[in-house]
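Just start29.cif here, mmCIF, C-alpha atoms, pLDDT in the B column; chains and numbers go by the auth columns:
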```cif
data_final
loop_
_atom_site.group_PDB
_atom_site.id
_atom_site.type_symbol
_atom_site.label_atom_id
_atom_site.label_comp_id
_atom_site.label_asym_id
_atom_site.label_seq_id
_atom_site.Cartn_x
_atom_site.Cartn_y
_atom_site.Cartn_z
_atom_site.B_iso_or_equiv
_atom_site.auth_seq_id
_atom_site.auth_asym_id
ATOM 1 C CA MET A 1 -33.819 14.105 -21.556 74.00 970 W
ATOM 2 C CA GLY A 2 -30.279 15.507 -21.829 89.00 971 W
ATOM 3 C CA LEU A 3 -31.427 19.103 -21.551 94.00 972 W
ATOM 4 C CA ASP A 4 -33.541 18.321 -18.507 94.00 973 W
ATOM 5 C CA LEU A 5 -30.612 16.597 -16.806 95.00 974 W
ATOM 6 C CA SER A 6 -28.341 19.522 -17.593 96.00 975 W
ATOM 7 C CA VAL A 7 -30.860 21.997 -16.167 95.00 976 W
ATOM 8 C CA VAL A 8 -31.170 19.964 -12.973 96.00 977 W
ATOM 9 C CA ALA A 9 -27.372 19.857 -12.659 96.00 978 W
ATOM 10 C CA GLY A 10 -27.117 23.596 -13.217 96.00 979 W
ATOM 11 C CA VAL A 11 -29.807 24.666 -10.788 95.00 980 W
ATOM 12 C CA SER A 12 -28.231 22.274 -8.274 97.00 981 W
ATOM 13 C CA GLY A 13 -24.999 24.237 -8.626 97.00 982 W
ATOM 14 C CA ASP A 14 -22.953 21.846 -10.756 97.00 983 W
ATOM 15 C CA TRP A 15 -22.536 24.150 -13.726 98.00 984 W
ATOM 16 C CA ASN A 16 -19.458 22.332 -15.049 97.00 985 W
ATOM 17 C CA PHE A 17 -21.391 19.061 -15.312 97.00 986 W
ATOM 18 C CA ALA A 18 -24.337 20.904 -16.845 97.00 987 W
ATOM 19 C CA LEU A 19 -22.019 22.383 -19.462 97.00 988 W
ATOM 20 C CA ARG A 20 -20.423 19.015 -20.239 97.00 989 W
ATOM 21 C CA LEU A 21 -23.868 17.537 -20.890 96.00 990 W
ATOM 22 C CA ILE A 22 -24.832 20.404 -23.181 96.00 991 W
ATOM 23 C CA VAL A 23 -21.565 20.199 -25.095 96.00 992 W
ATOM 24 C CA LYS A 24 -22.305 16.521 -25.775 95.00 993 W
ATOM 25 C CA MET A 25 -25.777 17.412 -27.018 95.00 994 W
ATOM 26 C CA VAL A 26 -24.409 20.073 -29.358 95.00 995 W
ATOM 27 C CA ALA A 27 -21.724 17.674 -30.583 95.00 996 W
ATOM 28 C CA SER A 28 -24.488 15.245 -31.518 95.00 997 W
ATOM 29 C CA ASN A 29 -26.047 17.971 -33.704 94.00 998 W
ATOM 30 C CA ASP A 30 -28.711 19.121 -31.243 93.00 999 W
ATOM 31 C CA ASP A 31 -28.759 22.762 -32.245 89.00 1000 W
ATOM 32 C CA ARG A 32 -32.155 23.754 -30.858 94.00 1001 W
ATOM 33 C CA PRO A 33 -32.249 27.349 -29.632 95.00 1002 W
ATOM 34 C CA GLU A 34 -33.224 26.151 -26.144 95.00 1003 W
ATOM 35 C CA VAL A 35 -30.118 23.967 -25.976 96.00 1004 W
ATOM 36 C CA ARG A 36 -27.886 26.792 -27.190 97.00 1005 W
ATOM 37 C CA LEU A 37 -29.475 29.239 -24.748 97.00 1006 W
ATOM 38 C CA TRP A 38 -28.790 26.858 -21.873 97.00 1007 W
ATOM 39 C CA GLN A 39 -25.239 26.427 -23.176 98.00 1008 W
ATOM 40 C CA LEU A 40 -24.877 30.214 -23.032 98.00 1009 W
ATOM 41 C CA ARG A 41 -26.133 30.239 -19.450 98.00 1010 W
ATOM 42 C CA CYS A 42 -23.730 27.444 -18.487 98.00 1011 W
ATOM 43 C CA LEU A 43 -20.787 29.252 -20.064 98.00 1012 W
ATOM 44 C CA VAL A 44 -21.577 32.421 -18.112 98.00 1013 W
ATOM 45 C CA GLU A 45 -22.036 30.483 -14.869 98.00 1014 W
ATOM 46 C CA CYS A 46 -18.708 28.703 -15.466 98.00 1015 W
ATOM 47 C CA THR A 47 -17.033 32.113 -16.045 98.00 1016 W
ATOM 48 C CA ARG A 48 -16.139 31.205 -19.613 98.00 1017 W
ATOM 49 C CA TYR A 49 -17.099 34.670 -20.801 98.00 1018 W
ATOM 50 C CA ALA A 50 -15.209 34.817 -24.103 97.00 1019 W
ATOM 51 C CA GLU A 51 -16.867 31.558 -25.193 98.00 1020 W
ATOM 52 C CA ALA A 52 -20.243 32.906 -24.100 98.00 1021 W
ATOM 53 C CA LEU A 53 -19.770 36.043 -26.188 98.00 1022 W
ATOM 54 C CA ALA A 54 -18.689 33.985 -29.192 98.00 1023 W
ATOM 55 C CA LEU A 55 -21.781 31.788 -28.887 98.00 1024 W
ATOM 56 C CA SER A 56 -24.090 34.776 -28.493 97.00 1025 W
ATOM 57 C CA GLN A 57 -22.733 36.193 -31.768 96.00 1026 W
ATOM 58 C CA ALA A 58 -22.689 32.879 -33.654 95.00 1027 W
ATOM 59 C CA MET A 59 -26.392 32.100 -33.277 94.00 1028 W
ATOM 60 C CA ARG A 60 -29.449 33.572 -34.952 94.00 1029 W
ATOM 61 C CA TRP A 61 -31.670 33.922 -31.910 95.00 1030 W
ATOM 62 C CA ASP A 62 -35.460 33.896 -32.006 92.00 1031 W
ATOM 63 C CA ALA A 63 -37.126 37.048 -30.683 93.00 1032 W
ATOM 64 C CA ARG A 64 -38.467 35.069 -27.726 94.00 1033 W
ATOM 65 C CA HIS A 65 -34.893 34.263 -26.608 96.00 1034 W
ATOM 66 C CA LEU A 66 -33.401 37.732 -26.986 96.00 1035 W
ATOM 67 C CA ILE A 67 -34.178 38.961 -23.485 97.00 1036 W
ATOM 68 C CA HIS A 68 -32.270 36.014 -22.038 97.00 1037 W
ATOM 69 C CA VAL A 69 -29.428 36.297 -24.554 98.00 1038 W
ATOM 70 C CA ASN A 70 -29.064 40.028 -23.926 97.00 1039 W
ATOM 71 C CA TYR A 71 -28.984 39.534 -20.166 97.00 1040 W
ATOM 72 C CA LEU A 72 -26.410 36.737 -20.310 98.00 1041 W
ATOM 73 C CA THR A 73 -24.286 38.576 -22.860 98.00 1042 W
ATOM 74 C CA GLY A 74 -24.471 41.720 -20.741 97.00 1043 W
ATOM 75 C CA SER A 75 -23.330 39.690 -17.748 96.00 1044 W
ATOM 76 C CA ALA A 76 -20.353 38.357 -19.725 98.00 1045 W
ATOM 77 C CA PHE A 77 -19.403 41.853 -20.905 97.00 1046 W
ATOM 78 C CA GLU A 78 -19.743 43.154 -17.345 96.00 1047 W
ATOM 79 C CA ALA A 79 -17.496 40.407 -15.965 97.00 1048 W
ATOM 80 C CA LEU A 80 -14.869 41.243 -18.579 97.00 1049 W
ATOM 81 C CA GLY A 81 -14.948 44.906 -17.595 97.00 1050 W
ATOM 82 C CA MET A 82 -16.575 45.983 -20.860 97.00 1051 W
ATOM 83 C CA ARG A 83 -19.058 48.312 -19.188 95.00 1052 W
ATOM 84 C CA GLU A 84 -20.358 50.135 -22.271 96.00 1053 W
ATOM 85 C CA GLN A 85 -21.191 46.902 -24.105 97.00 1054 W
ATOM 86 C CA ALA A 86 -22.777 45.515 -20.925 96.00 1055 W
ATOM 87 C CA ARG A 87 -24.869 48.652 -20.484 95.00 1056 W
ATOM 88 C CA LEU A 88 -26.178 48.405 -24.053 96.00 1057 W
ATOM 89 C CA ARG A 89 -27.275 44.793 -23.489 96.00 1058 W
ATOM 90 C CA PHE A 90 -28.851 45.536 -20.114 94.00 1059 W
ATOM 91 C CA ASP A 91 -30.662 48.546 -21.617 94.00 1060 W
ATOM 92 C CA ALA A 92 -32.155 46.224 -24.248 95.00 1061 W
ATOM 93 C CA VAL A 93 -33.379 43.944 -21.462 95.00 1062 W
ATOM 94 C CA ARG A 94 -34.804 46.908 -19.502 93.00 1063 W
ATOM 95 C CA ARG A 95 -36.778 48.040 -22.543 93.00 1064 W
ATOM 96 C CA GLN A 96 -38.319 44.590 -22.876 93.00 1065 W
ATOM 97 C CA ASP A 97 -38.933 43.891 -19.156 92.00 1066 W
ATOM 98 C CA PRO A 98 -37.662 46.321 -16.477 89.00 1067 W
ATOM 99 C CA ALA A 99 -38.145 43.698 -13.737 88.00 1068 W
ATOM 100 C CA TYR A 100 -36.204 40.919 -15.480 90.00 1069 W
ATOM 101 C CA ARG A 101 -33.653 39.405 -13.065 84.00 1070 W
ATOM 102 C CA TYR A 102 -33.133 42.738 -11.281 80.00 1071 W
ATOM 103 C CA VAL A 103 -31.688 44.235 -14.472 82.00 1072 W
ATOM 104 C CA GLN A 104 -32.335 47.728 -13.119 77.00 1073 W
ATOM 105 C CA LEU A 105 -29.352 47.178 -10.790 75.00 1074 W
ATOM 106 C CA LYS A 106 -26.974 46.209 -13.612 75.00 1075 W
ATOM 107 C CA ALA A 107 -24.391 48.436 -15.342 57.00 1076 W
ATOM 108 C CA ASP A 108 -25.752 51.769 -14.196 60.00 1077 W
#
```
In structure tokens, how does this file's structure come out?
Amino acid sequence: MGLDLSVVAGVSGDWNFALRLIVKMVASNDDRPEVRLWQLRCLVECTRYAEALALSQAMRWDARHLIHVNYLTGSAFEALGMREQARLRFDAVRRQDPAYRYVQLKAD
């Protein structure tokens, strides 16, 4: 229920509220990869890039989440002006799915 509410808040544009909901879920020991992935998305959308990078490094991500993690991490690196690190992440996404979220336009 909490994740669904957070997703609705995020896609409605209220990323700060979405993040607050996810932080509460994590604080209550909900450490599912889907929750952490959404937390990563919320952090990027809220321009909290350093926290997003820390989270991306702290988790052991399932292979099925890596495309999303690499894209979001690349976006955080790009926003921080770390172009080489961003390019490496976006290249990993391109190898997996060249059409993913217009990745071909990122960090070239």
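When the distance limit is 9 Å and all atoms listed in the file are what count, the residues near Leu1022 of chain W, minus those fewer than 3 positions from it on the same chain, are Leu1009, Arg1017, Tyr1018, Ala1019, Ser1025, Gln1026, Ala1027, Leu1041, Thr1042, Ala1045 and Phe1046 of chain W.
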Original post:
atom CA of Trp984 of chain W and atom CA of Leu1074 of chain W are how many Å apart?
Top reply: 24.2 Å
**OP:** Check which residues satisfy the PyMOL selection byres ((chain W and resi 995-1008) around 8) in the file shown, then give them as JSON, numbers by chain.
**Re:** {"W": [972, 976, 988, 991, 992, 993, 994, 1009, 1010, 1011, 1012, 1030, 1031, 1034, 1037, 1038]}
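Atom to atom, atom CA of Ala1055 of chain W and atom CA of Gln1073 of chain W stand 12.5 Å apart.
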Subject >> Atom pair atom CA of Ile1036 of chain W / atom CA of Tyr1069 of chain W: separation (Å) >> reply: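 Atom CA of Tyr1069 of chain W lies at a distance of 8.5 Å from atom CA of Ile1036 of chain W.
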Let me have the centre and edge lengths in Å, one decimal, of the box along x, y and z around every listed atom of segment 971-990 of chain W with 4 Å of margin on each side, as JSON.
```
{"center_x": -26.5, "center_y": 20.1, "center_z": -15.1, "size_x": 22.1, "size_y": 17.2, "size_z": 21.6}
```
**OP:** Could you tell me which residues the PyMOL selection byres ((chain W and resi 1060) around 10) returns for this structure, as a list of chain:residue names?
**Re:** W:Asn1039, W:Tyr1040, W:Gly1043, W:Gln1054, W:Ala1055, W:Arg1056, W:Leu1057, W:Arg1058, W:Phe1059, W:Ala1061, W:Val1062, W:Arg1063, W:Arg1064, W:Gln1065, W:Asp1066, W:Pro1067, W:Val1072, W:Gln1073, W:Lys1075, W:Ala1076, W:Asp1077
Subject >> Minimum-distance residue to Cys1015 of chain W, chosen among W:Leu1035, W:Asn985, W:Val977, W:Ser1044 (using only C-alpha atoms) >> reply: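 The shortest atom-to-atom distance to Cys1015 of chain W comes from W:Asn985.
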